[in-house]
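Below is one structure; the comments refer to it alone.
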Amino acid sequence: MNRADQHTQQQIADLVEACMGYWELRGIALESSTEMQLELEQHLQQAVSDGKSLEAVLGPNPAAFAEAWAREMHPRFWRGGARVLHGLVYALSVVSTTALISQVLAHSPSFTFTVLAAYLLTGSGLLALLLQLGGFLSPRISTRAGREALMLAGVVLAVLVLRLARMKVNWSMALLSWNWPMTILLLALAVGLFSLDFWRTSHRERSSSATVSMPTLRSVTMFVASVAVFDVMMFVASVAVFDFCRLALRLV
Amino acid sequence: MDTRSTQLLKGTLDMCLLATIAQRPCYGYEMVQQLAHQGLDLVGEGSIYPLLSRLQLLGYIEGYLVASRDGPKRKYYRLLPTGAKQLEQWQAEWERFAQAVERILKGERSDEQSRPAHPTTDR
């Protein structure tokens with residue numbers, strides 16, 4: 001495979017991933033969206049090998065294509081809750097483990113959830129979503145680096161606008177504060193919701209012929225590892241981002 | 001394809017897809033190729049998929065996965081009895097519509113509406 005082919009394959013992968021993410025957000029059942037993804041990917045591959053452009057398949061607006069297809073799938077409202085449950089499990093796991101580690105390291109019975117922590121948590125969630133949906137820009141901005149640069153420019157612009165609006169944020173302000181029992185409760189809730197989410201996914205995979213189930217140990221390990229990585233990033237970012245934001249706001 | 005043709009195709013694409021599937025079960029890209037072979041080039045090929053989902057929800061067609069030797073499974077579509085009946089109905093409607101348009105374009109007049117070509121004013 002030459003460089004141009006690799007580049008096109010990456011574009012196709014990003015577009016398909018963006019569509020899949022969008023359909024999940026729209027509440028399309030996983031077994032249906034997996035089939036839709038499969039059809040779209042195969043169509044794009046075949047079209048490209050026949051010398052057609054991605055735009056010839058998806059039209060000028062890939063997001064409109066994804067929406068048009070989602071509209072015809074008649075999703076049920078509650079199905080959208082799957083994505084919310086998944087996000088809640090992740091957020092709860094990160095917050096509870098961060099609290100636990102902080103309390104253990106600081107030998108302190110209390111943990112304070114600051115504005116900065118809330119900002120980092122929601123910001124990273126939003127960024128992960130935007131990066132995924134950014135695949136819709138693939139026909140126009142073909143490289144992933146280009147799309148990430150565009151998003152970074154958007155963030156910088158937002159900071160500038162906030163600064164010009166003379167908005168001041170007290171990053172260290174405490175939003176919530178709790179002791180050991182609450183941390184344990186949050187941790188137990190995270191484990192409970194994770195089990196529920198995992199049971200729901202594996203139950204659906206068993207009833208669907210389209211999906212391939214991931215072994216239990218592997219999916220649990222992957223989840224724990226991703227939460228651990230996020231925790232480390234939170235610790236690093238809480239120092240680095242705090243200083244960066246303070247410096248940026250001072251300089252502007 | 002120009003805008004008028006695109007608009008005309010939009011209103012008839014579901015019928016064309018149903019007719020294509022009626023010939024033999026096929027997958028999405030195959031349908032696009034068959035339509036192109038018959039002279040219908042789609043502006044956005046992907047626009048067939050929302051329509052296929054609609055036809056499937058209406059119970060006119062059925063999708064099924066077929067194992068492929070050189071890759072992942074491929075989704076094929078086949079016609080269901082309800083779809084065959086609907087296609088017959090659509091074909092009859094289309095023939096009536098196309099004949100009416102053709103008559104208008106050729107300037108033919110029906111007997112009830114026969115009148116002088118250049119109406120004169122009353123004096």
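Identifiers for the structure tokens are assigned positionally: chains receive A, B, ... in sequence, residues are indexed from 1 per chain, and ligands are indexed from 1 in the order shown.
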Find the residues around Ala99 (chain A) up to 12 Å (only C-alpha atoms counted), leave out those fewer than 6 positions away in its own chain, and share them as a PDB file with N, CA and C atoms, in the first residue's frame.
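File part-v4.pdb, as written:
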```
ATOM      1  N   LEU A  92     -17.654   8.913  36.697  1.00  0.00           N
ATOM      2  CA  LEU A  92     -17.730   8.502  38.102  1.00  0.00           C
ATOM      3  C   LEU A  92     -16.469   7.728  38.509  1.00  0.00           C
ATOM      4  N   SER A  93     -15.987   6.876  37.598  1.00  0.00           N
ATOM      5  CA  SER A  93     -14.774   6.091  37.883  1.00  0.00           C
ATOM      6  C   SER A  93     -13.569   7.014  38.044  1.00  0.00           C
ATOM      7  N   LEU A 105      -2.593   9.529  49.084  1.00  0.00           N
ATOM      8  CA  LEU A 105      -1.287  10.196  48.971  1.00  0.00           C
ATOM      9  C   LEU A 105      -1.131  11.329  49.989  1.00  0.00           C
ATOM     10  N   ALA A 106      -2.209  12.087  50.198  1.00  0.00           N
ATOM     11  CA  ALA A 106      -2.124  13.242  51.105  1.00  0.00           C
ATOM     12  C   ALA A 106      -2.400  12.864  52.563  1.00  0.00           C
ATOM     13  N   HIS A 107      -2.713  11.598  52.797  1.00  0.00           N
ATOM     14  CA  HIS A 107      -3.107  11.141  54.151  1.00  0.00           C
ATOM     15  C   HIS A 107      -4.185  12.053  54.717  1.00  0.00           C
ATOM     16  N   SER A 108      -5.078  12.429  53.842  1.00  0.00           N
ATOM     17  CA  SER A 108      -6.129  13.350  54.284  1.00  0.00           C
ATOM     18  C   SER A 108      -7.491  12.656  54.187  1.00  0.00           C
ATOM     19  N   PRO A 109      -8.359  12.897  55.170  1.00  0.00           N
ATOM     20  CA  PRO A 109      -9.675  12.234  55.093  1.00  0.00           C
ATOM     21  C   PRO A 109     -10.618  12.903  54.092  1.00  0.00           C
ATOM     22  N   SER A 110     -10.286  14.141  53.655  1.00  0.00           N
ATOM     23  CA  SER A 110     -11.213  14.840  52.746  1.00  0.00           C
ATOM     24  C   SER A 110     -10.605  15.060  51.358  1.00  0.00           C
ATOM     25  N   PHE A 111     -11.514  15.201  50.382  1.00  0.00           N
ATOM     26  CA  PHE A 111     -11.099  15.482  48.994  1.00  0.00           C
ATOM     27  C   PHE A 111     -11.916  16.657  48.480  1.00  0.00           C
ATOM     28  N   THR A 112     -11.250  17.558  47.764  1.00  0.00           N
ATOM     29  CA  THR A 112     -11.957  18.724  47.229  1.00  0.00           C
ATOM     30  C   THR A 112     -11.990  18.652  45.712  1.00  0.00           C
ATOM     31  N   PHE A 113     -13.187  18.749  45.178  1.00  0.00           N
ATOM     32  CA  PHE A 113     -13.381  18.735  43.716  1.00  0.00           C
ATOM     33  C   PHE A 113     -13.448  20.192  43.255  1.00  0.00           C
ATOM     34  N   THR A 114     -12.366  20.633  42.598  1.00  0.00           N
ATOM     35  CA  THR A 114     -12.255  22.054  42.249  1.00  0.00           C
ATOM     36  C   THR A 114     -12.878  22.362  40.878  1.00  0.00           C
ATOM     37  N   ALA A 117     -10.773  20.768  38.162  1.00  0.00           N
ATOM     38  CA  ALA A 117     -11.036  19.328  37.942  1.00  0.00           C
ATOM     39  C   ALA A 117     -12.299  19.145  37.102  1.00  0.00           C
ATOM     40  N   LEU A 176     -17.094  20.927  45.289  1.00  0.00           N
ATOM     41  CA  LEU A 176     -17.612  19.923  46.219  1.00  0.00           C
ATOM     42  C   LEU A 176     -16.481  19.435  47.111  1.00  0.00           C
ATOM     43  N   SER A 177     -16.839  18.995  48.291  1.00  0.00           N
ATOM     44  CA  SER A 177     -15.823  18.437  49.188  1.00  0.00           C
ATOM     45  C   SER A 177     -16.444  17.270  49.944  1.00  0.00           C
ATOM     46  N   TRP A 178     -15.709  16.169  50.023  1.00  0.00           N
ATOM     47  CA  TRP A 178     -16.277  15.013  50.733  1.00  0.00           C
ATOM     48  C   TRP A 178     -15.196  14.195  51.443  1.00  0.00           C
ATOM     49  N   ASN A 179     -15.631  13.280  52.326  1.00  0.00           N
ATOM     50  CA  ASN A 179     -14.727  12.449  53.133  1.00  0.00           C
ATOM     51  C   ASN A 179     -14.697  11.005  52.611  1.00  0.00           C
ATOM     52  N   TRP A 180     -13.967  10.149  53.345  1.00  0.00           N
ATOM     53  CA  TRP A 180     -13.775   8.744  52.960  1.00  0.00           C
ATOM     54  C   TRP A 180     -15.065   7.994  52.598  1.00  0.00           C
ATOM     55  N   PRO A 181     -16.082   8.056  53.468  1.00  0.00           N
ATOM     56  CA  PRO A 181     -17.281   7.249  53.167  1.00  0.00           C
ATOM     57  C   PRO A 181     -17.888   7.571  51.800  1.00  0.00           C
ATOM     58  N   MET A 182     -17.896   8.876  51.458  1.00  0.00           N
ATOM     59  CA  MET A 182     -18.455   9.281  50.166  1.00  0.00           C
ATOM     60  C   MET A 182     -17.604   8.750  49.010  1.00  0.00           C
ATOM     61  N   THR A 183     -16.278   8.765  49.162  1.00  0.00           N
ATOM     62  CA  THR A 183     -15.379   8.240  48.129  1.00  0.00           C
ATOM     63  C   THR A 183     -15.665   6.756  47.902  1.00  0.00           C
ATOM     64  N   ILE A 184     -15.803   6.014  48.994  1.00  0.00           N
ATOM     65  CA  ILE A 184     -16.084   4.574  48.893  1.00  0.00           C
ATOM     66  C   ILE A 184     -17.434   4.352  48.216  1.00  0.00           C
ATOM     67  N   LEU A 185     -18.410   5.195  48.580  1.00  0.00           N
ATOM     68  CA  LEU A 185     -19.753   5.081  47.998  1.00  0.00           C
ATOM     69  C   LEU A 185     -19.703   5.339  46.483  1.00  0.00           C
ATOM     70  N   LEU A 186     -18.975   6.390  46.096  1.00  0.00           N
ATOM     71  CA  LEU A 186     -18.845   6.725  44.668  1.00  0.00           C
ATOM     72  C   LEU A 186     -18.160   5.594  43.904  1.00  0.00           C
ATOM     73  N   LEU A 187     -17.130   5.033  44.549  1.00  0.00           N
ATOM     74  CA  LEU A 187     -16.390   3.934  43.931  1.00  0.00           C
ATOM     75  C   LEU A 187     -17.306   2.716  43.730  1.00  0.00           C
ATOM     76  N   ASP A 231      -6.564   9.256  35.073  1.00  0.00           N
ATOM     77  CA  ASP A 231      -6.201   9.758  36.410  1.00  0.00           C
ATOM     78  C   ASP A 231      -4.823  10.417  36.379  1.00  0.00           C
ATOM     79  N   MET A 234      -5.004  13.614  34.647  1.00  0.00           N
ATOM     80  CA  MET A 234      -5.656  14.627  35.497  1.00  0.00           C
ATOM     81  C   MET A 234      -4.652  15.253  36.457  1.00  0.00           C
ATOM     82  N   PHE A 235      -3.780  14.380  37.035  1.00  0.00           N
ATOM     83  CA  PHE A 235      -2.784  14.878  37.984  1.00  0.00           C
ATOM     84  C   PHE A 235      -1.780  15.793  37.284  1.00  0.00           C
TER      85      PHE A 235
END
```
Near chain B, which residues of chain A fall within 12 Å when you count only C-alpha atoms, and what do they look like as an NGL selection string?
:A and (32-48 or 50 or 52-75 or 208-212)
Same residues, C-alpha atoms, saved as a CSV table (one decimal), in the first residue's frame:
```
chain,number,residue,atom,x,y,z
A,32,SER,CA,-27.8,-1.7,13.7
A,33,SER,CA,-25.1,0.9,13.8
A,34,THR,CA,-22.4,-1.8,13.4
A,35,GLU,CA,-24.2,-3.0,10.2
A,36,MET,CA,-24.5,0.5,8.9
A,37,GLN,CA,-20.8,1.1,9.6
A,38,LEU,CA,-19.9,-2.1,7.7
A,39,GLU,CA,-22.0,-1.1,4.7
A,40,LEU,CA,-20.6,2.4,4.6
A,41,GLU,CA,-17.0,1.3,4.9
A,42,GLN,CA,-17.3,-1.3,2.2
A,43,HIS,CA,-19.0,1.1,-0.1
A,44,LEU,CA,-16.3,3.8,0.4
A,45,GLN,CA,-13.6,1.2,-0.1
A,46,GLN,CA,-15.1,0.0,-3.4
A,47,ALA,CA,-15.9,3.5,-4.6
A,48,VAL,CA,-12.3,4.7,-3.9
A,50,ASP,CA,-13.0,2.6,-8.7
A,52,LYS,CA,-14.4,7.9,-7.1
A,53,SER,CA,-14.0,10.6,-4.4
A,54,LEU,CA,-15.4,10.3,-0.9
A,55,GLU,CA,-17.7,13.3,-1.7
A,56,ALA,CA,-19.2,11.2,-4.6
A,57,VAL,CA,-20.5,8.8,-2.0
A,58,LEU,CA,-21.4,11.0,1.0
A,59,GLY,CA,-22.2,14.3,-0.8
A,60,PRO,CA,-20.9,17.7,0.2
A,61,ASN,CA,-21.9,17.3,3.9
A,62,PRO,CA,-21.1,13.9,5.5
A,63,ALA,CA,-22.8,15.0,8.8
A,64,ALA,CA,-26.1,15.5,6.8
A,65,PHE,CA,-25.7,12.1,5.3
A,66,ALA,CA,-25.2,10.5,8.8
A,67,GLU,CA,-28.3,12.4,10.0
A,68,ALA,CA,-30.4,11.4,7.0
A,69,TRP,CA,-29.6,7.7,7.6
A,70,ALA,CA,-30.2,8.0,11.4
A,71,ARG,CA,-33.6,9.6,10.8
A,72,GLU,CA,-34.7,6.5,8.8
A,73,MET,CA,-33.7,4.2,11.6
A,74,HIS,CA,-36.4,5.4,14.0
A,75,PRO,CA,-34.3,5.2,17.2
A,208,SER,CA,-26.8,-10.1,17.7
A,209,SER,CA,-25.1,-11.9,14.9
A,210,ALA,CA,-23.3,-8.7,13.7
A,211,THR,CA,-21.1,-8.0,16.6
A,212,VAL,CA,-18.1,-9.8,17.9
```
Residues within 10 Å of Asp41 (chain B), please, as a PyMOL selection string. Count only C-alpha atoms; anything in the same chain fewer than 4 positions from it doesn't count.
chain B and resi 1+5-6+9+32-37+45
Residue selection dump (N, CA and C atoms) as a PDB file, in the first residue's frame:
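Saved the output as selection23.pdb:
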```
ATOM      1  N   MET B   1     -24.699  14.955 -13.557  1.00  0.00           N
ATOM      2  CA  MET B   1     -26.146  15.002 -13.739  1.00  0.00           C
ATOM      3  C   MET B   1     -26.660  16.379 -13.316  1.00  0.00           C
ATOM      4  N   SER B   5     -32.579  16.637 -13.247  1.00  0.00           N
ATOM      5  CA  SER B   5     -32.510  15.164 -13.228  1.00  0.00           C
ATOM      6  C   SER B   5     -32.362  14.653 -11.801  1.00  0.00           C
ATOM      7  N   THR B   6     -31.542  15.381 -11.007  1.00  0.00           N
ATOM      8  CA  THR B   6     -31.324  14.985  -9.614  1.00  0.00           C
ATOM      9  C   THR B   6     -32.639  15.026  -8.850  1.00  0.00           C
ATOM     10  N   LEU B   9     -34.875  12.206  -9.918  1.00  0.00           N
ATOM     11  CA  LEU B   9     -34.400  10.930  -9.387  1.00  0.00           C
ATOM     12  C   LEU B   9     -34.732  10.783  -7.901  1.00  0.00           C
ATOM     13  N   VAL B  32     -25.870   0.742  -6.905  1.00  0.00           N
ATOM     14  CA  VAL B  32     -25.398   1.994  -7.514  1.00  0.00           C
ATOM     15  C   VAL B  32     -24.831   1.715  -8.909  1.00  0.00           C
ATOM     16  N   GLN B  33     -24.063   0.628  -9.015  1.00  0.00           N
ATOM     17  CA  GLN B  33     -23.469   0.263 -10.301  1.00  0.00           C
ATOM     18  C   GLN B  33     -24.555  -0.070 -11.323  1.00  0.00           C
ATOM     19  N   GLN B  34     -25.577  -0.802 -10.877  1.00  0.00           N
ATOM     20  CA  GLN B  34     -26.661  -1.172 -11.800  1.00  0.00           C
ATOM     21  C   GLN B  34     -27.431   0.054 -12.260  1.00  0.00           C
ATOM     22  N   LEU B  35     -27.674   0.990 -11.315  1.00  0.00           N
ATOM     23  CA  LEU B  35     -28.388   2.215 -11.677  1.00  0.00           C
ATOM     24  C   LEU B  35     -27.559   3.027 -12.682  1.00  0.00           C
ATOM     25  N   ALA B  36     -26.246   3.098 -12.425  1.00  0.00           N
ATOM     26  CA  ALA B  36     -25.353   3.846 -13.329  1.00  0.00           C
ATOM     27  C   ALA B  36     -25.331   3.189 -14.706  1.00  0.00           C
ATOM     28  N   HIS B  37     -25.358   1.873 -14.715  1.00  0.00           N
ATOM     29  CA  HIS B  37     -25.351   1.119 -15.973  1.00  0.00           C
ATOM     30  C   HIS B  37     -26.610   1.428 -16.791  1.00  0.00           C
ATOM     31  N   GLU B  45     -23.874   8.882  -3.742  1.00  0.00           N
ATOM     32  CA  GLU B  45     -24.236   7.454  -3.802  1.00  0.00           C
ATOM     33  C   GLU B  45     -24.801   6.949  -2.479  1.00  0.00           C
TER      34      GLU B  45
END
```
Report, in Å with one decimal, the straight-line distance from CA of Ala149 (chain A) to CA of Lys168 (chain A).
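Value for the CA of Ala149 (chain A)-CA of Lys168 (chain A) distance: 25.9 Å.
DSSP secondary structure from the backbone places Cys26, Tyr27, Ile61, Glu62, Gly63, Tyr64, Leu65, Val66, Ala67, Ser68, Gly71, Pro72, Lys73, Arg74, Lys75, Tyr76, Tyr77, Arg78 and Leu79 of chain B of chain B in strand (DSSP E).
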Write the residues you've just listed into a file as a PDB file, in the first residue's frame, and include N, CA and C atoms for each of them.
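New file result_34.pdb:
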```pdb
ATOM      1  N   CYS B  26     -29.093  -7.946  -3.988  1.00  0.00           N
ATOM      2  CA  CYS B  26     -27.792  -7.302  -4.202  1.00  0.00           C
ATOM      3  C   CYS B  26     -27.423  -6.396  -3.019  1.00  0.00           C
ATOM      4  N   TYR B  27     -26.182  -5.957  -2.986  1.00  0.00           N
ATOM      5  CA  TYR B  27     -25.714  -5.073  -1.912  1.00  0.00           C
ATOM      6  C   TYR B  27     -25.641  -3.630  -2.425  1.00  0.00           C
ATOM      7  N   ILE B  61     -38.388  -4.862   1.924  1.00  0.00           N
ATOM      8  CA  ILE B  61     -37.157  -5.626   1.657  1.00  0.00           C
ATOM      9  C   ILE B  61     -36.598  -6.167   2.975  1.00  0.00           C
ATOM     10  N   GLU B  62     -35.607  -7.029   2.830  1.00  0.00           N
ATOM     11  CA  GLU B  62     -34.991  -7.625   4.017  1.00  0.00           C
ATOM     12  C   GLU B  62     -33.480  -7.641   3.805  1.00  0.00           C
ATOM     13  N   GLY B  63     -32.743  -7.257   4.846  1.00  0.00           N
ATOM     14  CA  GLY B  63     -31.289  -7.270   4.751  1.00  0.00           C
ATOM     15  C   GLY B  63     -30.743  -8.516   5.421  1.00  0.00           C
ATOM     16  N   TYR B  64     -29.685  -9.081   4.857  1.00  0.00           N
ATOM     17  CA  TYR B  64     -29.062 -10.259   5.486  1.00  0.00           C
ATOM     18  C   TYR B  64     -27.577 -10.253   5.178  1.00  0.00           C
ATOM     19  N   LEU B  65     -26.798 -10.748   6.144  1.00  0.00           N
ATOM     20  CA  LEU B  65     -25.346 -10.733   5.985  1.00  0.00           C
ATOM     21  C   LEU B  65     -24.863 -12.013   5.313  1.00  0.00           C
ATOM     22  N   VAL B  66     -23.972 -11.828   4.364  1.00  0.00           N
ATOM     23  CA  VAL B  66     -23.419 -12.979   3.642  1.00  0.00           C
ATOM     24  C   VAL B  66     -21.902 -12.999   3.868  1.00  0.00           C
ATOM     25  N   ALA B  67     -21.389 -14.158   4.260  1.00  0.00           N
ATOM     26  CA  ALA B  67     -19.947 -14.284   4.500  1.00  0.00           C
ATOM     27  C   ALA B  67     -19.184 -14.115   3.180  1.00  0.00           C
ATOM     28  N   SER B  68     -18.085 -13.405   3.263  1.00  0.00           N
ATOM     29  CA  SER B  68     -17.274 -13.176   2.066  1.00  0.00           C
ATOM     30  C   SER B  68     -15.930 -13.877   2.220  1.00  0.00           C
ATOM     31  N   GLY B  71     -12.924 -10.939   2.794  1.00  0.00           N
ATOM     32  CA  GLY B  71     -13.167  -9.777   3.650  1.00  0.00           C
ATOM     33  C   GLY B  71     -14.285 -10.041   4.624  1.00  0.00           C
ATOM     34  N   PRO B  72     -14.734  -8.959   5.299  1.00  0.00           N
ATOM     35  CA  PRO B  72     -15.835  -9.149   6.259  1.00  0.00           C
ATOM     36  C   PRO B  72     -17.160  -9.430   5.566  1.00  0.00           C
ATOM     37  N   LYS B  73     -18.188  -9.736   6.381  1.00  0.00           N
ATOM     38  CA  LYS B  73     -19.509 -10.046   5.814  1.00  0.00           C
ATOM     39  C   LYS B  73     -20.057  -8.853   5.047  1.00  0.00           C
ATOM     40  N   ARG B  74     -20.898  -9.148   4.060  1.00  0.00           N
ATOM     41  CA  ARG B  74     -21.482  -8.083   3.248  1.00  0.00           C
ATOM     42  C   ARG B  74     -23.001  -8.140   3.397  1.00  0.00           C
ATOM     43  N   LYS B  75     -23.623  -6.960   3.471  1.00  0.00           N
ATOM     44  CA  LYS B  75     -25.078  -6.942   3.653  1.00  0.00           C
ATOM     45  C   LYS B  75     -25.796  -6.911   2.301  1.00  0.00           C
ATOM     46  N   TYR B  76     -26.583  -7.921   2.057  1.00  0.00           N
ATOM     47  CA  TYR B  76     -27.389  -8.014   0.841  1.00  0.00           C
ATOM     48  C   TYR B  76     -28.839  -7.682   1.180  1.00  0.00           C
ATOM     49  N   TYR B  77     -29.589  -7.296   0.161  1.00  0.00           N
ATOM     50  CA  TYR B  77     -31.016  -7.015   0.346  1.00  0.00           C
ATOM     51  C   TYR B  77     -31.819  -7.881  -0.617  1.00  0.00           C
ATOM     52  N   ARG B  78     -32.957  -8.407  -0.131  1.00  0.00           N
ATOM     53  CA  ARG B  78     -33.841  -9.161  -1.020  1.00  0.00           C
ATOM     54  C   ARG B  78     -35.275  -8.650  -0.858  1.00  0.00           C
ATOM     55  N   LEU B  79     -36.058  -8.860  -1.909  1.00  0.00           N
ATOM     56  CA  LEU B  79     -37.434  -8.378  -1.933  1.00  0.00           C
ATOM     57  C   LEU B  79     -38.344  -9.296  -1.119  1.00  0.00           C
TER      58      LEU B  79
END
```
Quick one: DSSP helix (DSSP H, G or I) residues in region 56-160 of chain A, as a ChimeraX atom specification?
/A:56-58,62-71,77-106,115-137,144-160
Residues just named, written with C-alpha atoms as a PDB file, in the first residue's frame:
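The result, written out as out14.pdb:
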```pdb
ATOM      1  CA  ALA A  56     -19.207  11.227  -4.567  1.00  0.00           C
ATOM      2  CA  VAL A  57     -20.476   8.792  -1.954  1.00  0.00           C
ATOM      3  CA  LEU A  58     -21.354  11.044   0.968  1.00  0.00           C
ATOM      4  CA  PRO A  62     -21.069  13.921   5.525  1.00  0.00           C
ATOM      5  CA  ALA A  63     -22.819  14.963   8.765  1.00  0.00           C
ATOM      6  CA  ALA A  64     -26.054  15.523   6.827  1.00  0.00           C
ATOM      7  CA  PHE A  65     -25.661  12.055   5.315  1.00  0.00           C
ATOM      8  CA  ALA A  66     -25.212  10.506   8.788  1.00  0.00           C
ATOM      9  CA  GLU A  67     -28.281  12.391  10.043  1.00  0.00           C
ATOM     10  CA  ALA A  68     -30.402  11.387   7.021  1.00  0.00           C
ATOM     11  CA  TRP A  69     -29.590   7.728   7.619  1.00  0.00           C
ATOM     12  CA  ALA A  70     -30.162   8.007  11.390  1.00  0.00           C
ATOM     13  CA  ARG A  71     -33.591   9.586  10.781  1.00  0.00           C
ATOM     14  CA  PHE A  77     -35.469   7.634  22.938  1.00  0.00           C
ATOM     15  CA  TRP A  78     -34.144   5.434  25.750  1.00  0.00           C
ATOM     16  CA  ARG A  79     -31.455   3.960  23.541  1.00  0.00           C
ATOM     17  CA  GLY A  80     -29.618   7.297  23.695  1.00  0.00           C
ATOM     18  CA  GLY A  81     -29.241   6.586  27.395  1.00  0.00           C
ATOM     19  CA  ALA A  82     -26.653   3.901  26.628  1.00  0.00           C
ATOM     20  CA  ARG A  83     -24.129   6.546  25.670  1.00  0.00           C
ATOM     21  CA  VAL A  84     -25.044   8.644  28.717  1.00  0.00           C
ATOM     22  CA  LEU A  85     -24.632   5.597  30.992  1.00  0.00           C
ATOM     23  CA  HIS A  86     -21.233   4.860  29.455  1.00  0.00           C
ATOM     24  CA  GLY A  87     -20.097   8.470  29.969  1.00  0.00           C
ATOM     25  CA  LEU A  88     -21.454   8.494  33.537  1.00  0.00           C
ATOM     26  CA  VAL A  89     -19.577   5.289  34.395  1.00  0.00           C
ATOM     27  CA  TYR A  90     -16.374   6.786  33.034  1.00  0.00           C
ATOM     28  CA  ALA A  91     -16.778  10.152  34.803  1.00  0.00           C
ATOM     29  CA  LEU A  92     -17.730   8.502  38.102  1.00  0.00           C
ATOM     30  CA  SER A  93     -14.774   6.091  37.883  1.00  0.00           C
ATOM     31  CA  VAL A  94     -12.315   8.914  37.198  1.00  0.00           C
ATOM     32  CA  VAL A  95     -13.677  11.147  39.986  1.00  0.00           C
ATOM     33  CA  SER A  96     -13.844   8.371  42.598  1.00  0.00           C
ATOM     34  CA  THR A  97     -10.376   6.966  41.833  1.00  0.00           C
ATOM     35  CA  THR A  98      -8.866  10.475  41.740  1.00  0.00           C
ATOM     36  CA  ALA A  99     -10.412  11.161  45.147  1.00  0.00           C
ATOM     37  CA  LEU A 100      -9.162   7.837  46.496  1.00  0.00           C
ATOM     38  CA  ILE A 101      -5.590   8.386  45.259  1.00  0.00           C
ATOM     39  CA  SER A 102      -5.539  11.991  46.544  1.00  0.00           C
ATOM     40  CA  GLN A 103      -6.772  10.937  49.977  1.00  0.00           C
ATOM     41  CA  VAL A 104      -4.242   8.095  50.183  1.00  0.00           C
ATOM     42  CA  LEU A 105      -1.287  10.196  48.971  1.00  0.00           C
ATOM     43  CA  ALA A 106      -2.124  13.242  51.105  1.00  0.00           C
ATOM     44  CA  VAL A 115     -13.430  24.106  39.264  1.00  0.00           C
ATOM     45  CA  LEU A 116     -10.252  23.049  37.461  1.00  0.00           C
ATOM     46  CA  ALA A 117     -11.036  19.328  37.942  1.00  0.00           C
ATOM     47  CA  ALA A 118     -14.584  19.859  36.662  1.00  0.00           C
ATOM     48  CA  TYR A 119     -13.208  21.839  33.719  1.00  0.00           C
ATOM     49  CA  LEU A 120     -10.657  19.129  32.874  1.00  0.00           C
ATOM     50  CA  LEU A 121     -13.246  16.364  33.141  1.00  0.00           C
ATOM     51  CA  THR A 122     -15.918  18.012  30.975  1.00  0.00           C
ATOM     52  CA  GLY A 123     -13.307  19.520  28.649  1.00  0.00           C
ATOM     53  CA  SER A 124     -11.627  16.186  27.935  1.00  0.00           C
ATOM     54  CA  GLY A 125     -14.995  14.480  27.432  1.00  0.00           C
ATOM     55  CA  LEU A 126     -16.073  17.188  25.023  1.00  0.00           C
ATOM     56  CA  LEU A 127     -12.724  17.097  23.245  1.00  0.00           C
ATOM     57  CA  ALA A 128     -12.889  13.296  22.830  1.00  0.00           C
ATOM     58  CA  LEU A 129     -16.355  13.685  21.303  1.00  0.00           C
ATOM     59  CA  LEU A 130     -15.287  16.535  19.015  1.00  0.00           C
ATOM     60  CA  LEU A 131     -12.197  14.644  17.846  1.00  0.00           C
ATOM     61  CA  GLN A 132     -14.395  11.695  16.925  1.00  0.00           C
ATOM     62  CA  LEU A 133     -17.023  13.808  15.164  1.00  0.00           C
ATOM     63  CA  GLY A 134     -14.199  15.822  13.551  1.00  0.00           C
ATOM     64  CA  GLY A 135     -13.911  12.894  11.115  1.00  0.00           C
ATOM     65  CA  PHE A 136     -16.827  14.495   9.248  1.00  0.00           C
ATOM     66  CA  LEU A 137     -14.317  17.086   8.043  1.00  0.00           C
ATOM     67  CA  ARG A 144      -6.117  14.228  11.307  1.00  0.00           C
ATOM     68  CA  ALA A 145      -3.391  16.702  12.347  1.00  0.00           C
ATOM     69  CA  GLY A 146      -5.137  19.411  10.312  1.00  0.00           C
ATOM     70  CA  ARG A 147      -8.453  18.767  12.015  1.00  0.00           C
ATOM     71  CA  GLU A 148      -6.828  18.753  15.461  1.00  0.00           C
ATOM     72  CA  ALA A 149      -5.108  22.042  14.643  1.00  0.00           C
ATOM     73  CA  LEU A 150      -8.482  23.523  13.693  1.00  0.00           C
ATOM     74  CA  MET A 151      -9.961  22.442  17.025  1.00  0.00           C
ATOM     75  CA  LEU A 152      -6.993  23.819  18.937  1.00  0.00           C
ATOM     76  CA  ALA A 153      -7.476  27.121  17.104  1.00  0.00           C
ATOM     77  CA  GLY A 154     -11.124  27.026  18.195  1.00  0.00           C
ATOM     78  CA  VAL A 155     -10.129  26.515  21.844  1.00  0.00           C
ATOM     79  CA  VAL A 156      -7.582  29.360  21.692  1.00  0.00           C
ATOM     80  CA  LEU A 157     -10.228  31.598  20.105  1.00  0.00           C
ATOM     81  CA  ALA A 158     -12.695  30.695  22.873  1.00  0.00           C
ATOM     82  CA  VAL A 159     -10.088  31.587  25.544  1.00  0.00           C
ATOM     83  CA  LEU A 160      -9.454  34.915  23.797  1.00  0.00           C
TER      84      LEU A 160
END
```
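CA of Val236 (chain A) lies 19.0 Å from CA of Asn170 (chain A).
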